[in-house]
Each structure stands twice: as structure tokens, then as C-alpha cells.
Amino acid sequence: MNKAIAHTIKEALIGLPYIDKYGGLVFPLERKDVLYDEVTGNPQPAIVKRLPVTSDYTITRDGDCNSAEVIDFVPSQEYKGMLYFEDGGIDPIGRKGRFWMYSSKLQLVAWLNTKGLMEDQGDDPPTALNMSELSIPLFTVIQGRLEALQNTNAGNLLRMKVRILRILPQSRALFSQYNYDEAATQYLMPPFEFFGLSLAVDFSTLSACAPELVQTDVIC
């Protein structure tokens, strides 16, 4: 359910200033890089990388097969900024009439390429924006977008209420479950900016039958 919740919030946040890459819920995907000795050509011990990859994708048909593009959310200078969510679990609250009630926990993570963002000064040369000039207005806009989601329905998610529980400490611990390539770690240091928000989402679902799905025998 947190995938659907993160997708709903992501859609409400599209168009934020300074952000040009949006992800729903991400999960750590392990990738093994095998290097070879330049002299002997023998393989060296594999290096395992854990990268944040979005689970918010659309499955497409390629002939008789289903396919989906894997999109990672590793900080990169090619983007102005990126935003994604991490799963904090869901607590069942109970039942009220026909409705099952839940409380979801999500972590919103935003990364900003302050080095590549410049402020328009009219006829004067543009100046680089500092950290506070970026994060404060962006956080304010996010608050407004989340407030507009109160008591909304999205598919089977009913009466959604989104709350910001906490602004998390600005620490590289936000990315501690991933181990990027050395070239990417530079984007977690000044002048680059990032922040995290701890979110609670209260919602309900109706007691209803699950939709019927079609099973295919094609294995790709």
C-alpha cells in the first residue's frame, strides 16, 4: 500500500521548484560490479553496490512479454534536484463500519544541485543560490501541496491525511542504506543540498473483494 501512497503524494508534488526528477517509493537494489586484473585478466572479488531504485514504474508490453525500465535515484549533476520516498511500514488501526483504518510511515528525501542552480538578477550576472535560499522555499511549497491532499481519495486509498512529523537531521545518514560509486559521493557534500521529512499518512480502505487478474503463461 505504501507504493500507492507514495505515488499519490509524488503526483501531487510534481512541478516543485528546483526538482526535475521524481520517484515514488524506492528500494535498495544490489548490483555486483566485477573488475578484472589488468595484467592477468583474472576477475577480482565483486564489488556490491546498493542503489535506490524506484518501484513507481509502468509495465509495458514488448511483443508477448512485459517489461519495465529500472530507474535509479543516485545523485547526479545532470539534474537540478530529485525527490523520492522510503518505506517506513504501515500500522493497522482497526475497523469502523465498512472501513479498515491504517497509519502509514514514509520518509521523503530531496536532493538539490545547488551548484547548478543560479538566481536570475535581471540585468546583472546570475548568482549561485545558497542552501537556505533553496531548502526553505521548497519546504514551504511542499507543506502547501501536502495540505491540499487532506481528506482526499486516490483509488482504494480513502480519506487520506498527510502529516509532517519531523524534519530529519541534515546528515549523510539519510543515504546510509546505499553505497554509491565514489564519483557520486561528492554530491552528498557542500555545495549540494539535501533534506528529509518524516511523514505520517492516515487512510482507510473499504471492505471489498479484490479485482480479478488475468494470468499469462508467457515466461520472458
# chains A, B, ... in the order shown; residues from 1 in each chain; ligands from 1

$ residues_around --residues "segment 193-204 of chain A" --least-positions-apart "4" --cutoff "6 Å" --atoms "only C-alpha atoms" --output "list in words"
Phe99, Trp100, Met101, Tyr102, Ser103, Ser104, Lys105, Leu106, Gln107, Leu108, Val109, Ala110, Trp111, Leu112, Leu158, Arg159, Met160, Lys161, Val162, Arg163, Ile164, Leu165, Arg166, Ile167, Leu168 and Gln170 of chain A

$ residues_around --residues "Thr140 of chain A" --least-positions-apart "5" --cutoff "12 Å" --atoms "only C-alpha atoms" --output "list of chain:residue names"
A:Leu13, A:Leu16, A:Pro17, A:Ser132, A:Glu133, A:Leu134, A:Ser135, A:Arg145, A:Leu146, A:Glu147, A:Ile164

$ residues_around --residues "Glu78 of chain A" --least-positions-apart "6" --cutoff "12 Å" --atoms "only C-alpha atoms" --output "list of chain:residue names"
A:Ile19, A:Asp20, A:Lys21, A:Leu112, A:Asn113, A:Thr114, A:Lys115, A:Gly116, A:Leu117, A:Ala184, A:Tyr187

$ select_by_dssp --residues "segment 27-117 of chain A" --states "strand (DSSP E or B)" --output "PyMOL selection string"
chain A and resi 27-33+36+43+47-54+60-62+65-67+72+81-96+99-112

$ atom_distance --atom1 "atom CA of Phe27 of chain A" --atom2 "atom CA of Pro92 of chain A"
22.2 Å

$ closest_residue --among "A:Tyr36, A:Phe175, A:Phe192, A:Tyr180" --to "Tyr84 of chain A" --atoms "only C-alpha atoms"
A:Phe175

$ select_by_dssp --residues "segment 139-192 of chain A" --states "alpha helix (DSSP H)" --output "list of chain:residue names"
A:Phe139, A:Thr140, A:Val141, A:Ile142, A:Gln143, A:Gly144, A:Arg145, A:Leu146, A:Glu147, A:Glu182, A:Ala183, A:Ala184, A:Thr185

$ write_last_selection --atoms "N, CA and C atoms" --output "PDB file, in the first residue's frame"
ATOM      1  N   PHE A 139      10.653  23.683   0.958  1.00  0.00           N
ATOM      2  CA  PHE A 139       9.928  23.053   2.050  1.00  0.00           C
ATOM      3  C   PHE A 139       8.557  23.692   2.235  1.00  0.00           C
ATOM      4  N   THR A 140       8.470  25.006   2.086  1.00  0.00           N
ATOM      5  CA  THR A 140       7.188  25.708   2.229  1.00  0.00           C
ATOM      6  C   THR A 140       6.201  25.272   1.159  1.00  0.00           C
ATOM      7  N   VAL A 141       6.679  25.131  -0.078  1.00  0.00           N
ATOM      8  CA  VAL A 141       5.800  24.687  -1.164  1.00  0.00           C
ATOM      9  C   VAL A 141       5.334  23.255  -0.919  1.00  0.00           C
ATOM     10  N   ILE A 142       6.235  22.387  -0.455  1.00  0.00           N
ATOM     11  CA  ILE A 142       5.864  21.000  -0.151  1.00  0.00           C
ATOM     12  C   ILE A 142       4.775  20.963   0.918  1.00  0.00           C
ATOM     13  N   GLN A 143       4.911  21.776   1.968  1.00  0.00           N
ATOM     14  CA  GLN A 143       3.885  21.835   3.007  1.00  0.00           C
ATOM     15  C   GLN A 143       2.524  22.182   2.422  1.00  0.00           C
ATOM     16  N   GLY A 144       2.501  23.157   1.524  1.00  0.00           N
ATOM     17  CA  GLY A 144       1.237  23.554   0.912  1.00  0.00           C
ATOM     18  C   GLY A 144       0.634  22.466   0.055  1.00  0.00           C
ATOM     19  N   ARG A 145       1.476  21.752  -0.700  1.00  0.00           N
ATOM     20  CA  ARG A 145       0.969  20.665  -1.545  1.00  0.00           C
ATOM     21  C   ARG A 145       0.405  19.527  -0.686  1.00  0.00           C
ATOM     22  N   LEU A 146       1.080  19.215   0.428  1.00  0.00           N
ATOM     23  CA  LEU A 146       0.598  18.139   1.298  1.00  0.00           C
ATOM     24  C   LEU A 146      -0.703  18.527   1.985  1.00  0.00           C
ATOM     25  N   GLU A 147      -0.816  19.792   2.342  1.00  0.00           N
ATOM     26  CA  GLU A 147      -2.049  20.258   2.983  1.00  0.00           C
ATOM     27  C   GLU A 147      -3.244  20.106   2.046  1.00  0.00           C
ATOM     28  N   GLU A 182      32.213   6.043  -5.841  1.00  0.00           N
ATOM     29  CA  GLU A 182      32.959   7.159  -5.247  1.00  0.00           C
ATOM     30  C   GLU A 182      32.648   8.476  -5.949  1.00  0.00           C
ATOM     31  N   ALA A 183      32.426   8.418  -7.256  1.00  0.00           N
ATOM     32  CA  ALA A 183      32.146   9.643  -8.009  1.00  0.00           C
ATOM     33  C   ALA A 183      30.840  10.292  -7.581  1.00  0.00           C
ATOM     34  N   ALA A 184      29.889   9.490  -7.083  1.00  0.00           N
ATOM     35  CA  ALA A 184      28.582  10.022  -6.695  1.00  0.00           C
ATOM     36  C   ALA A 184      28.577  10.585  -5.279  1.00  0.00           C
ATOM     37  N   THR A 185      29.507  10.147  -4.419  1.00  0.00           N
ATOM     38  CA  THR A 185      29.503  10.612  -3.031  1.00  0.00           C
ATOM     39  C   THR A 185      29.813  12.097  -2.916  1.00  0.00           C
TER      40      THR A 185
END

$ closest_residue --among "A:Tyr18, A:Thr54, A:Asp33, A:Met1" --to "Ile136 of chain A" --atoms "only C-alpha atoms"
A:Tyr18
